[in-house]
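**Student:** Take a look at the following structure, please.
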Amino acid sequence: MTELRFDGRTAVVTGAGGGLGREYALLLAARGANVVVNDIGGSVSGDGSDEGPADAVVREICANGGEAVADAHSVASADGGAALVATAFDTYGRLDILVNNAGILRDALFEDTTPDLLEPVLDVHVNALFHVTRPAWRIMQHQGYGRIVNTTSAAGLLGSTHKSNYGTAKAGVAGFTRVLGLEGAEHGIRANAVAPIAATRMLTQHLDEESRLAPAAKAMMDAIVGRLDPALVAPVVAFLAHEDCPVTGEVYTAGAGQVARFFTGRTRGYHHPELAVEDVRDHLADIRDETEYTVPAGPAEEIAELIRVTATRPQPVQE
């Protein structure tokens with residue numbers, strides 16, 4: 001089996017001072033990439049700063065014979081994102097891989113979600129994508145090559161209590177990834193997203209919250225958490241970051257050594273040329289029926305399906 005390597009490539013990994021980001025950085029470096037280890041060293045909620053975690057990962061990479069530099073700029077600001085990308089380009093002369101991994105949690109019931117719980121989460125999970133990816137995108141466009149791996153979550157794709165802020169942000173990441181996949185194609189840039197399931201401090205905080213409301217769910221997660229090694233997510237991210245990766249604009253879930261793809265499906269639905277409220281009520285089961293669903297690649301295909309269905313159904317006879 002031919003080993004997939006990253007010799008001569010430069011990667012930026014945000015939130016790489018611990019957890020998943022650390023594993024991504026270690027694996028990319030072990031396979032030959034120059035790695036910029038970005039982390040402000042804050043808490044799970046985004047408070048505080050400490051350059052120690054990023055420095056420690058760089059020392060570990062270098063001790064193993066790899067090449068890395070630390071970066072402590074905040075990705076939550078445009079200046080910080082630009083400075084991070086400049087660190088990569090000024091140090092290594094190129095930027096091939098961007099892994100947008102940094103994240104924070106500020107969980108609360110929706111009724112208790114105040115601006116101070118919403119805005120920092122959006123800053124780190126959504127605004128940061130623009131702050132870091134835009135300057136990286138310009139470099140990748142000029143090179144005619146790039147790989148971007150974003151981080152979404154089942155909380156955004158499927159929903160999760162106490163996470164209206166986080167879920168909103170992570171759903172946005174999925175949409176952002178789809179757009180990058182489309183716009184990057186002509187420039188040799190591929191963008192995908194991973195929805196990781198791993199034993200990190202963010203998962204630990206989530207389980208602590210859930211244990212007060214759903215003991216059965218907590219017991220189930222406790223049974224599997226020992227298998228949720230963050231290192232088992234890293235190979236998926238590394239493949240999506242490799243030049244051999246053939247897909248773009250897609251979302252993959254990964255955890256405990258299992259990999260699967262999330263996708264958006266469209267049911268066959270129900271059509272009536274003079275649709276009334278009562279038709280929706282009476283045919284809700286048909287509308288929701290998942291047999292014969294399709295997976296549109298984009299809005300154009302979704303509209304094409306609408307045109308196909310409405311054009312082939314008989315029109316009512318006019319009296």
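In the structure tokens, each chain is lettered A, B, ... as it comes, each chain's residues begin at 1, and ligands are numbered from 1 in order of appearance.
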Just the strand (DSSP E or B) stuff from segment 59-161 of chain A, please, per backbone DSSP, written as a list in words.

**Tutor:** Glu67, Ala68, Val69, Ala70, Asp71, Ile97, Leu98, Val99, Asn100, Ala108, Gly146, Arg147, Ile148, Val149, Asn150 and Thr151 of chain A

**Student:** Take the residues just selected and output them with N, CA and C atoms as a short mmCIF file (atom, residue, chain, number, x, y, z; two decimals), in the first residue's frame.

**Tutor:**
data_model
loop_
_atom_site.label_atom_id
_atom_site.label_comp_id
_atom_site.auth_asym_id
_atom_site.auth_seq_id
_atom_site.Cartn_x
_atom_site.Cartn_y
_atom_site.Cartn_z
N GLU A 67 8.85 19.27 11.05
CA GLU A 67 9.07 20.71 10.93
C GLU A 67 7.78 21.44 11.29
N ALA A 68 7.88 22.37 12.25
CA ALA A 68 6.68 23.10 12.67
C ALA A 68 7.06 24.40 13.34
N VAL A 69 6.10 25.34 13.30
CA VAL A 69 6.23 26.59 14.04
C VAL A 69 4.92 26.85 14.76
N ALA A 70 5.00 27.56 15.87
CA ALA A 70 3.81 27.89 16.65
C ALA A 70 3.28 29.25 16.25
N ASP A 71 1.97 29.43 16.41
CA ASP A 71 1.33 30.70 16.13
C ASP A 71 0.20 30.89 17.14
N ILE A 97 -2.44 23.54 2.71
CA ILE A 97 -3.50 22.89 3.49
C ILE A 97 -3.94 23.81 4.61
N LEU A 98 -5.24 23.96 4.74
CA LEU A 98 -5.80 24.70 5.87
C LEU A 98 -6.83 23.82 6.56
N VAL A 99 -6.59 23.56 7.83
CA VAL A 99 -7.55 22.80 8.64
C VAL A 99 -8.16 23.76 9.66
N ASN A 100 -9.41 24.14 9.42
CA ASN A 100 -10.12 25.03 10.34
C ASN A 100 -10.74 24.20 11.46
N ALA A 108 -26.13 26.65 26.52
CA ALA A 108 -27.25 27.13 27.34
C ALA A 108 -28.54 26.79 26.62
N GLY A 146 -4.88 23.75 -3.56
CA GLY A 146 -5.14 23.92 -2.14
C GLY A 146 -6.11 22.88 -1.63
N ARG A 147 -6.01 22.61 -0.35
CA ARG A 147 -6.93 21.69 0.32
C ARG A 147 -7.40 22.36 1.62
N ILE A 148 -8.71 22.40 1.80
CA ILE A 148 -9.30 23.01 2.99
C ILE A 148 -10.17 21.97 3.67
N VAL A 149 -9.99 21.81 4.98
CA VAL A 149 -10.82 20.90 5.76
C VAL A 149 -11.45 21.70 6.90
N ASN A 150 -12.75 21.83 6.86
CA ASN A 150 -13.48 22.55 7.90
C ASN A 150 -14.05 21.58 8.91
N THR A 151 -14.49 22.11 10.04
CA THR A 151 -15.01 21.27 11.11
C THR A 151 -16.46 21.63 11.40
#

**Student:** Could you name the residues that touch segment 260-267 of chain A at 9 Å or less, counting only C-alpha atoms, but leaving out those on the same chain fewer than 6 positions away, as a ChimeraX atom specification?

**Tutor:** /A:157,195,250-254,286-297,302

**Student:** What does the distance from atom CA of Asp7 of chain A to atom CA of Asp96 of chain A come to in Å, to one decimal?

**Tutor:**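 One can read the atom CA of Asp7 of chain A to atom CA of Asp96 of chain A distance as 11.1 Å.
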
**Student:** Considering only C-alpha atoms, can you say which of A:Glu186, A:Asp244, A:Glu3, A:Asp123 comes closest to Gly144 of chain A?

**Tutor:**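 For Gly144 of chain A, the nearest of the given residues is A:Glu186.
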